[in-house]
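input_7.cif (mmCIF, C-alpha atoms) appears below.
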```cif
data_entry
#
loop_
_atom_site.label_atom_id
_atom_site.label_comp_id
_atom_site.auth_asym_id
_atom_site.auth_seq_id
_atom_site.Cartn_x
_atom_site.Cartn_y
_atom_site.Cartn_z
CA MET A 1 112.51 91.70 122.95
CA GLN A 2 110.72 94.65 124.53
CA GLU A 3 107.32 95.70 123.23
CA LEU A 4 107.36 97.79 120.07
CA ILE A 5 104.97 100.72 120.42
CA LEU A 6 104.02 103.26 117.76
CA GLY A 7 102.18 106.10 119.44
CA LYS A 8 99.70 104.27 121.66
CA THR A 9 99.55 101.14 119.49
CA LYS A 10 101.38 98.06 120.71
CA LEU A 11 102.59 96.29 117.58
CA LYS A 12 102.18 92.52 117.59
CA SER A 13 105.36 91.98 115.60
CA HIS A 14 108.81 93.56 115.50
CA VAL A 15 108.90 92.85 111.75
CA ILE A 16 107.69 95.60 109.41
CA LEU A 17 107.06 95.68 105.65
CA ALA A 18 108.94 98.53 103.98
CA PRO A 19 107.35 101.04 101.60
CA MET A 20 108.46 100.16 98.07
CA ALA A 21 107.40 102.07 94.96
CA GLY A 22 105.61 99.82 92.50
CA VAL A 23 105.61 96.93 94.99
CA THR A 24 103.70 97.53 98.23
CA ASP A 25 100.35 98.16 96.59
CA LEU A 26 97.11 96.81 98.08
CA PRO A 27 97.37 93.38 96.38
CA PHE A 28 100.85 92.77 97.80
CA ARG A 29 99.87 94.04 101.25
CA LYS A 30 96.84 91.71 101.24
CA ILE A 31 99.15 88.75 100.61
CA VAL A 32 101.53 89.77 103.40
CA ARG A 33 98.63 90.42 105.79
CA GLU A 34 97.57 86.77 105.46
CA PHE A 35 100.82 85.73 107.14
CA GLY A 36 100.69 87.98 110.19
CA ASP A 37 99.80 91.23 111.93
CA PHE A 38 102.73 93.22 110.58
CA LEU A 39 102.90 96.99 110.36
CA MET A 40 102.98 97.73 106.64
CA PHE A 41 103.62 100.83 104.55
CA SER A 42 101.92 102.00 101.40
CA GLU A 43 103.92 102.87 98.36
CA MET A 44 105.53 106.30 98.68
CA VAL A 45 103.02 108.93 97.53
CA ALA A 46 103.89 112.43 96.35
CA SER A 47 102.38 115.12 98.57
CA GLN A 48 101.58 117.36 95.60
CA ALA A 49 99.67 114.55 93.92
CA VAL A 50 97.74 113.83 97.12
CA ILE A 51 96.41 117.37 97.44
CA ARG A 52 95.65 117.59 93.71
CA ASN A 53 93.44 114.52 94.14
CA VAL A 54 95.32 112.56 91.47
CA LYS A 55 93.29 109.38 91.02
CA ARG A 56 96.30 107.09 90.65
CA THR A 57 97.88 108.47 93.83
CA HIS A 58 94.72 108.01 95.87
CA LYS A 59 94.51 104.44 94.56
CA MET A 60 98.05 103.85 95.90
CA MET A 61 96.71 104.87 99.32
CA ASP A 62 93.74 102.51 99.09
CA ASN A 63 93.06 100.51 102.25
CA ALA A 64 94.81 103.20 104.27
CA ASP A 65 92.18 102.52 106.94
CA ASP A 66 93.74 99.10 107.61
CA PRO A 67 94.62 99.42 111.32
CA LEU A 68 98.22 98.41 110.63
CA THR A 69 98.95 100.28 107.40
CA SER A 70 100.91 103.53 107.34
CA VAL A 71 100.80 105.99 104.46
CA GLN A 72 104.19 107.33 103.44
CA ILE A 73 104.32 110.82 101.95
CA VAL A 74 107.21 112.58 100.24
CA GLY A 75 107.81 116.24 99.41
CA ALA A 76 109.89 119.33 100.14
CA ASP A 77 107.26 121.96 100.98
CA PRO A 78 106.17 122.01 104.65
CA LYS A 79 102.68 123.39 103.88
CA VAL A 80 102.01 120.92 101.07
CA MET A 81 103.25 118.05 103.23
CA ALA A 82 100.94 119.17 106.05
CA ASP A 83 97.97 119.40 103.67
CA ALA A 84 98.76 115.95 102.27
CA ALA A 85 98.97 114.59 105.82
CA LYS A 86 95.53 116.04 106.66
CA LEU A 87 93.97 114.59 103.54
CA SER A 88 95.57 111.19 104.19
CA TYR A 89 94.11 111.27 107.68
CA ASP A 90 90.69 112.26 106.33
CA LEU A 91 90.88 109.28 103.96
CA GLY A 92 91.37 106.94 106.90
CA ALA A 93 95.11 106.67 107.56
CA LYS A 94 95.92 105.45 111.07
CA PHE A 95 99.66 106.23 110.78
CA LEU A 96 101.76 108.50 108.58
CA ASP A 97 105.41 108.29 107.57
CA ILE A 98 107.68 111.02 106.21
CA ASN A 99 110.10 109.92 103.51
CA MET A 100 113.61 111.29 103.93
CA GLY A 101 115.36 108.26 102.50
CA CYS A 102 114.39 107.86 98.84
CA PRO A 103 117.61 108.11 96.76
CA VAL A 104 115.94 108.24 93.33
CA LYS A 105 117.25 111.09 91.17
CA LYS A 106 113.78 112.45 90.28
CA ILE A 107 112.87 112.76 93.96
CA VAL A 108 116.23 114.16 95.04
CA LYS A 109 116.18 116.79 92.25
CA SER A 110 113.01 118.22 93.80
CA ASP A 111 114.86 118.51 97.16
CA ALA A 112 112.71 115.74 98.64
CA GLY A 113 113.52 112.24 99.92
CA SER A 114 117.11 111.81 101.05
CA ALA A 115 117.98 115.31 99.78
CA LEU A 116 116.29 116.63 102.94
CA MET A 117 119.14 115.18 104.98
CA LYS A 118 121.33 117.95 103.50
CA ASP A 119 119.04 120.64 104.92
CA GLU A 120 118.28 119.97 108.57
CA LYS A 121 116.33 123.22 108.97
CA LEU A 122 113.95 122.35 106.14
CA ALA A 123 113.72 118.78 107.41
CA ALA A 124 112.70 120.13 110.82
CA LYS A 125 110.04 122.40 109.30
CA ILE A 126 108.53 119.50 107.37
CA ILE A 127 108.52 117.23 110.42
CA GLU A 128 106.93 119.92 112.57
CA SER A 129 104.26 120.78 110.01
CA VAL A 130 103.22 117.16 109.46
CA VAL A 131 103.21 116.23 113.15
CA ASN A 132 101.10 119.28 113.99
CA ALA A 133 98.69 118.66 111.12
CA VAL A 134 97.29 115.32 112.27
CA PRO A 135 96.24 113.62 115.52
CA ILE A 136 97.79 110.26 114.54
CA PRO A 137 101.34 108.94 115.07
CA VAL A 138 103.91 110.14 112.53
CA SER A 139 107.10 108.20 111.84
CA LEU A 140 110.19 109.02 109.79
CA LYS A 141 112.26 106.94 107.37
CA MET A 142 115.74 108.09 106.41
CA ARG A 143 119.25 106.99 105.50
CA LEU A 144 122.53 107.35 107.37
CA GLY A 145 123.12 110.66 105.59
CA TRP A 146 123.80 112.16 102.18
CA ASP A 147 127.27 110.65 101.78
CA MET A 148 130.02 109.06 103.85
CA ASP A 149 131.31 112.49 104.96
CA HIS A 150 127.88 113.65 106.12
CA LYS A 151 126.27 110.87 108.14
CA ASN A 152 123.93 113.06 110.18
CA ALA A 153 121.17 110.54 110.93
CA PRO A 154 121.66 110.95 114.73
CA ASN A 155 121.18 114.74 114.44
CA ILE A 156 117.99 114.43 112.44
CA ALA A 157 116.72 111.66 114.70
CA LYS A 158 117.06 113.87 117.76
CA ILE A 159 115.37 116.79 115.99
CA ALA A 160 112.57 114.45 114.90
CA GLU A 161 112.04 113.07 118.41
CA ASP A 162 111.90 116.56 119.90
CA LEU A 163 109.28 117.56 117.33
CA GLY A 164 107.00 114.62 118.05
CA ILE A 165 108.02 111.82 115.68
CA LYS A 166 107.04 108.48 117.25
CA MET A 167 109.32 106.04 115.41
CA ILE A 168 112.38 106.24 113.18
CA THR A 169 113.52 103.79 110.50
CA VAL A 170 117.09 104.02 109.23
CA HIS A 171 118.32 102.38 106.04
CA GLY A 172 121.96 101.50 106.61
CA ARG A 173 123.33 103.28 103.55
CA THR A 174 123.93 106.88 102.55
CA ARG A 175 122.17 108.41 99.58
CA SER A 176 125.38 108.38 97.54
CA GLN A 177 125.57 104.60 97.93
CA LEU A 178 122.08 104.10 96.48
CA TYR A 179 121.73 100.31 96.88
CA SER A 180 125.38 99.38 96.32
CA GLY A 181 127.73 97.87 98.85
CA LYS A 182 126.48 96.48 102.14
CA ALA A 183 124.16 98.14 104.62
CA ASN A 184 126.03 99.44 107.68
CA TRP A 185 123.80 98.33 110.56
CA SER A 186 126.30 99.32 113.26
CA ASP A 187 125.95 103.02 112.37
CA ILE A 188 122.26 102.77 113.19
CA ARG A 189 123.28 102.07 116.79
CA LYS A 190 124.34 105.73 116.98
CA VAL A 191 120.75 106.75 116.27
CA LYS A 192 119.43 104.31 118.85
CA GLU A 193 121.79 105.77 121.46
CA ILE A 194 120.53 109.33 121.04
CA VAL A 195 116.73 108.85 121.05
CA LYS A 196 114.19 107.13 123.30
CA ILE A 197 111.58 106.43 120.62
CA PRO A 198 111.67 103.11 118.70
CA VAL A 199 114.39 102.77 116.06
CA ILE A 200 113.96 100.31 113.18
CA VAL A 201 116.87 98.85 111.20
CA ASN A 202 116.48 98.51 107.42
CA GLY A 203 118.65 97.33 104.55
CA ASP A 204 119.90 93.91 103.33
CA ILE A 205 117.70 91.89 105.68
CA VAL A 206 116.76 88.85 103.63
CA ASP A 207 116.53 85.90 106.06
CA VAL A 208 116.66 84.90 109.72
CA GLU A 209 120.45 85.12 109.89
CA THR A 210 120.67 88.66 108.49
CA ALA A 211 117.75 89.70 110.71
CA LYS A 212 119.58 88.46 113.79
CA GLN A 213 122.83 90.15 112.75
CA ALA A 214 121.12 93.45 111.90
CA LEU A 215 119.44 93.62 115.30
CA GLU A 216 122.64 92.73 117.15
CA GLU A 217 124.76 95.31 115.33
CA SER A 218 122.18 98.13 115.43
CA ASN A 219 120.56 97.41 118.81
CA ALA A 220 117.33 98.45 117.06
CA ASP A 221 113.86 97.82 118.43
CA GLY A 222 112.59 96.18 115.26
CA LEU A 223 113.45 95.56 111.64
CA MET A 224 112.02 96.46 108.26
CA ILE A 225 112.01 94.07 105.30
CA GLY A 226 112.09 95.52 101.80
CA ARG A 227 113.55 93.80 98.76
CA GLY A 228 113.93 90.53 100.69
CA SER A 229 110.14 90.09 100.52
CA LEU A 230 109.89 90.24 96.73
CA GLY A 231 108.38 86.96 95.64
CA ARG A 232 108.85 85.75 99.23
CA PRO A 233 106.09 87.28 101.37
CA LEU A 234 106.52 84.47 103.91
CA ILE A 235 109.93 85.88 104.90
CA LEU A 236 108.20 88.23 107.37
CA LYS A 237 106.52 85.29 109.10
CA GLU A 238 109.79 83.33 109.27
CA ILE A 239 111.65 86.18 110.93
CA ASP A 240 108.72 86.97 113.20
CA GLU A 241 108.62 83.38 114.48
CA PHE A 242 112.37 83.43 115.09
CA LEU A 243 112.16 86.66 117.10
CA LYS A 244 109.28 85.33 119.20
CA THR A 245 110.65 81.85 119.89
CA GLY A 246 114.41 82.07 119.43
CA ASN A 247 114.22 79.08 117.12
CA VAL A 248 114.86 79.08 113.40
CA PRO A 249 111.48 78.10 111.93
CA ASN A 250 111.26 75.16 109.60
CA ILE A 251 108.92 76.77 107.08
CA CYS A 252 109.32 74.64 103.98
CA ILE A 253 107.34 75.96 101.04
CA SER A 254 106.18 73.38 98.53
CA ASN A 255 105.66 74.16 94.86
CA GLN A 256 101.92 73.86 95.50
CA GLN A 257 102.07 76.55 98.20
CA LYS A 258 104.15 78.84 95.97
CA PHE A 259 101.61 78.27 93.22
CA GLU A 260 98.72 79.20 95.50
CA ILE A 261 100.42 82.36 96.79
CA ALA A 262 101.41 83.56 93.30
CA ARG A 263 97.98 82.80 91.87
CA LYS A 264 96.20 84.57 94.73
CA HIS A 265 98.50 87.59 94.38
CA LEU A 266 97.74 87.92 90.68
CA ASN A 267 94.02 87.47 91.30
CA TYR A 268 94.18 90.36 93.77
CA MET A 269 95.88 92.46 91.08
CA LEU A 270 93.19 91.67 88.54
CA GLU A 271 90.53 92.67 91.09
CA PHE A 272 92.28 95.92 92.04
CA TYR A 273 93.49 97.27 88.69
CA GLU A 274 91.99 97.53 85.25
CA GLU A 275 92.85 94.32 83.39
CA ARG A 276 95.34 95.93 81.01
CA THR A 277 97.20 97.58 83.91
CA ALA A 278 97.10 94.38 85.98
CA ILE A 279 98.57 92.31 83.16
CA LYS A 280 101.39 94.80 82.60
CA MET A 281 102.23 94.98 86.30
CA SER A 282 101.94 91.22 86.75
CA ARG A 283 105.01 90.70 84.60
CA LYS A 284 107.25 92.16 87.28
CA VAL A 285 105.46 90.24 90.03
CA LEU A 286 105.91 86.94 88.18
CA MET A 287 109.61 87.69 87.73
CA TYR A 288 109.96 87.70 91.51
CA TYR A 289 108.01 84.50 92.03
CA CYS A 290 109.92 82.52 89.40
CA HIS A 291 113.31 83.46 90.89
CA GLY A 292 115.23 80.30 91.68
CA THR A 293 112.93 78.01 89.72
CA ARG A 294 114.05 75.71 86.93
CA ASN A 295 114.71 77.50 83.62
CA ALA A 296 114.21 80.89 85.32
CA ALA A 297 116.01 82.83 82.56
CA LYS A 298 113.78 81.34 79.87
CA LEU A 299 110.69 81.96 81.96
CA ARG A 300 111.63 85.61 82.47
CA GLN A 301 111.84 86.02 78.71
CA GLU A 302 108.40 84.46 78.34
CA ILE A 303 106.95 86.68 81.04
CA THR A 304 107.74 89.82 79.04
CA THR A 305 105.36 88.64 76.29
CA ILE A 306 102.33 87.96 78.51
CA ASP A 307 99.29 89.73 77.10
CA SER A 308 96.23 88.23 78.79
CA ALA A 309 94.98 86.87 82.11
CA ASP A 310 94.78 83.36 80.63
CA GLU A 311 98.45 83.55 79.68
CA ILE A 312 99.36 84.70 83.20
CA PHE A 313 97.66 81.77 84.89
CA GLY A 314 98.83 79.30 82.26
CA LEU A 315 102.43 80.34 82.91
CA ILE A 316 101.96 80.08 86.68
CA ASP A 317 100.70 76.55 86.20
CA ARG A 318 103.80 75.61 84.21
CA ILE A 319 106.26 77.36 86.55
CA PHE A 320 105.10 75.49 89.62
CA SER A 321 104.19 72.14 88.07
CA ASN A 322 107.88 71.24 87.65
#
```
What do you get writing this file as structure tokens?
Amino acid sequence: MQELILGKTKLKSHVILAPMAGVTDLPFRKIVREFGDFLMFSEMVASQAVIRNVKRTHKMMDNADDPLTSVQIVGADPKVMADAAKLSYDLGAKFLDINMGCPVKKIVKSDAGSALMKDEKLAAKIIESVVNAVPIPVSLKMRLGWDMDHKNAPNIAKIAEDLGIKMITVHGRTRSQLYSGKANWSDIRKVKEIVKIPVIVNGDIVDVETAKQALEESNADGLMIGRGSLGRPLILKEIDEFLKTGNVPNICISNQQKFEIARKHLNYMLEFYEERTAIKMSRKVLMYYCHGTRNAAKLRQEITTIDSADEIFGLIDRIFSN
């Protein structure tokens, strides 16, 4: 594959970790970082909360000065988005990303996220304001369009390129699909055909086979892994090795390795958050790690009752000792 370049930075991998609300916090990114030099995205942060100096929002941006971490901002006001971009840069961000793909009702109701795909003029104003606000590369993440009758991703991609966007990621669904059905990777090829900047394919990439198929159908320059990494941070390394060597890697994870990864992840959470918050959030994380293990349904029920750090680690011991 050809080199993947974001601005002036040559990325060492064509595999990218997607921004996921409530998932790609600093503890998760630290785990993924241990497996390779992947470009990673922070959780989506609201532009209004950034400029209001909301403590929780700034914590979501923590470690933004990692040389391969991009901060993703969302909003519908060009000036507020520009101000949030400046503040993110001042806090150490090396890359910024504009969210035009989030399908969540709360975001869409505020005319942000994927709702911006319905208003190309406003989308252009936001892109222009953010790009002009900071001296670092700005990328864009979007969907195919609002619905099946309005798949205007190629139009917005061209506008974005002309206004200075350095990379575009396209999730292969429309907003109306949410996460139902199957991602349409072939439609992303239409975006790739109209712009010269890197195009990244996203959606339903969960293993080497789907990664290969997504790249073939989209002709994209790289791929972004989202939900496929939940409880499986090594998936990025597996796909990266395949893309670099052409061989399907034989990465066999033992129960001991799973135990070590899960334990380290939860230790990072306890270091990063207040204990009560870490324990609450760890329930979801453990759900991901116990997927596919023996008695998973029973374990998930147990996980919901966890109330202390000792209980967390005791349960991890039992999950991976079988």
Could you give me, as a ChimeraX atom specification, the residues within 10 Å of A:Val134, counting all atoms listed in the file and dropping anything in the same chain fewer than 4 positions from it? /A:82-83,85-90,95-96,129-130,138
Using the chain letters and numbers from this file, what does the PyMOL selection byres ((chain A and resi 239) around 9) select? Give the answer as a ChimeraX atom specification. /A:15,207-209,211-212,234-238,240-244,248-249
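When only C-alpha atoms are used to measure the gap to A:His14, the shortest distance among A:Asp62, A:Asp307, A:Asp204, A:Asp221 belongs to A:Asp221.
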Hey, what comes out of the PyMOL selection byres ((chain A and resi 294) around 12) on this file? Could you write it as a PyMOL selection string? chain A and resi 255+289-293+295-300+318-322
Quick one: distance from atom CA of A:Met117 to atom CA of A:Gly75 in Å, one decimal? 12.7 Å
Nearest residue to A:Met61 from the set A:Asp77, A:Asp25, A:Asp97, A:Asp317 (distances using all atoms listed in the file):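 Residue with the minimum atom-to-atom distance to A:Met61: A:Asp25.
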Result set, the PyMOL selection byres ((chain A and resi 273-283) around 10) on current file, as a count of residues only: 28
Atom CA of A:Gly222 to atom CA of A:Ala18, distance in Å rounded to a single decimal: 12.1 Å
Tell me which protein, DNA and RNA residues are within 10 Å of A:Ser218, counting all atoms listed in the file, leaving out same-chain ones fewer than 4 positions away, and put them as a list in words.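 In the requested format, the answer is Val170, Gly172, Asn184, Trp185, Ser186, Asp187, Ile188, Arg189, Lys190, Val191, Lys192, Glu193, Val199, Ile200, Val201, Asn202, Gln213, Ala214, Gly222 and Leu223 of chain A.
Nearest-residue note for A:Glu260: choosing from A:Ile31, A:Val108, A:Ile51, A:Gly246, the minimum distance belongs to A:Ile31, counting all atoms listed in the file.
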Residue with smallest distance to A:Met224 - pool A:Ile107, A:Ile168, A:Ala93, A:Ile194, counting only C-alpha atoms: A:Ile168
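One distance worth recording is that between atom CA of A:Lys10 and atom CA of A:Arg232, which is 25.9 Å.
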Selected residue, from A:Lys94, A:Lys151, A:His171, A:Lys79, that lies nearest to A:Asn132 when counting all atoms listed in the file: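 Result for the nearest residue to A:Asn132: A:Lys79.
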Working from the structure I just supplied, which lacks atoms in stretch 38-64 of chain A, can you model N, CA, C and O atoms there and output them as a short mmCIF file (atom, residue, chain, number, x, y, z; two decimals), keeping the file's coordinate frame?
```cif
data_model
loop_
_atom_site.label_atom_id
_atom_site.label_comp_id
_atom_site.auth_asym_id
_atom_site.auth_seq_id
_atom_site.Cartn_x
_atom_site.Cartn_y
_atom_site.Cartn_z
N PHE A 38 101.55 92.37 110.73
CA PHE A 38 102.73 93.22 110.58
C PHE A 38 102.31 94.66 110.27
O PHE A 38 101.33 94.89 109.55
N LEU A 39 103.06 95.61 110.81
CA LEU A 39 102.90 96.99 110.36
C LEU A 39 103.40 97.04 108.92
O LEU A 39 104.48 96.53 108.61
N MET A 40 102.61 97.65 108.04
CA MET A 40 102.98 97.73 106.64
C MET A 40 102.87 99.17 106.15
O MET A 40 102.10 99.95 106.70
N PHE A 41 103.62 99.48 105.11
CA PHE A 41 103.62 100.83 104.55
C PHE A 41 103.12 100.81 103.12
O PHE A 41 103.42 99.91 102.35
N SER A 42 102.35 101.83 102.78
CA SER A 42 101.92 102.00 101.40
C SER A 42 103.12 102.33 100.54
O SER A 42 104.21 102.61 101.04
N GLU A 43 102.91 102.31 99.24
CA GLU A 43 103.92 102.87 98.36
C GLU A 43 104.10 104.35 98.72
O GLU A 43 103.17 105.01 99.19
N MET A 44 105.29 104.87 98.48
CA MET A 44 105.53 106.30 98.68
C MET A 44 104.60 107.10 97.77
O MET A 44 104.50 106.82 96.58
N VAL A 45 103.90 108.10 98.34
CA VAL A 45 103.02 108.93 97.53
C VAL A 45 103.49 110.38 97.58
O VAL A 45 103.89 110.88 98.63
N ALA A 46 103.45 111.04 96.44
CA ALA A 46 103.89 112.43 96.35
C ALA A 46 102.86 113.35 96.98
O ALA A 46 101.67 113.27 96.67
N SER A 47 103.30 114.22 97.86
CA SER A 47 102.38 115.12 98.57
C SER A 47 101.61 116.02 97.61
O SER A 47 100.41 116.27 97.81
N GLN A 48 102.27 116.51 96.57
CA GLN A 48 101.58 117.36 95.60
C GLN A 48 100.44 116.61 94.92
O GLN A 48 99.35 117.16 94.70
N ALA A 49 100.69 115.35 94.59
CA ALA A 49 99.67 114.55 93.92
C ALA A 49 98.51 114.24 94.85
O ALA A 49 97.35 114.15 94.42
N VAL A 50 98.80 114.09 96.15
CA VAL A 50 97.74 113.83 97.12
C VAL A 50 96.76 115.00 97.16
O VAL A 50 95.55 114.82 97.08
N ILE A 51 97.30 116.21 97.28
CA ILE A 51 96.41 117.37 97.44
C ILE A 51 95.74 117.77 96.12
O ILE A 51 94.72 118.47 96.12
N ARG A 52 96.29 117.32 95.00
CA ARG A 52 95.65 117.59 93.71
C ARG A 52 94.61 116.52 93.38
O ARG A 52 94.01 116.55 92.31
N ASN A 53 94.42 115.59 94.32
CA ASN A 53 93.44 114.52 94.14
C ASN A 53 93.70 113.68 92.89
O ASN A 53 92.76 113.28 92.18
N VAL A 54 94.97 113.42 92.61
CA VAL A 54 95.32 112.56 91.47
C VAL A 54 94.79 111.16 91.74
O VAL A 54 95.10 110.54 92.77
N LYS A 55 93.98 110.65 90.82
CA LYS A 55 93.29 109.38 91.02
C LYS A 55 94.26 108.24 91.28
O LYS A 55 94.06 107.42 92.19
N ARG A 56 95.34 108.18 90.50
CA ARG A 56 96.30 107.09 90.65
C ARG A 56 96.95 107.12 92.03
O ARG A 56 97.18 106.08 92.66
N THR A 57 97.24 108.34 92.52
CA THR A 57 97.88 108.47 93.83
C THR A 57 96.94 108.02 94.94
O THR A 57 97.34 107.30 95.86
N HIS A 58 95.68 108.41 94.85
CA HIS A 58 94.72 108.01 95.87
C HIS A 58 94.50 106.49 95.85
O HIS A 58 94.26 105.88 96.89
N LYS A 59 94.63 105.89 94.66
CA LYS A 59 94.51 104.44 94.56
C LYS A 59 95.69 103.77 95.28
O LYS A 59 95.53 102.71 95.89
N MET A 60 96.87 104.38 95.21
CA MET A 60 98.05 103.85 95.90
C MET A 60 97.84 103.85 97.41
O MET A 60 98.46 103.08 98.15
N MET A 61 96.98 104.76 97.89
CA MET A 61 96.71 104.87 99.32
C MET A 61 95.52 104.01 99.74
O MET A 61 95.14 103.99 100.91
N ASP A 62 94.92 103.30 98.80
CA ASP A 62 93.74 102.51 99.09
C ASP A 62 94.00 101.54 100.24
O ASP A 62 95.08 100.99 100.39
N ASN A 63 92.97 101.34 101.06
CA ASN A 63 93.06 100.51 102.25
C ASN A 63 93.93 101.15 103.33
O ASN A 63 94.45 100.47 104.20
N ALA A 64 94.05 102.48 103.24
CA ALA A 64 94.81 103.20 104.27
C ALA A 64 94.16 103.06 105.63
O ALA A 64 94.79 103.30 106.65
#
```
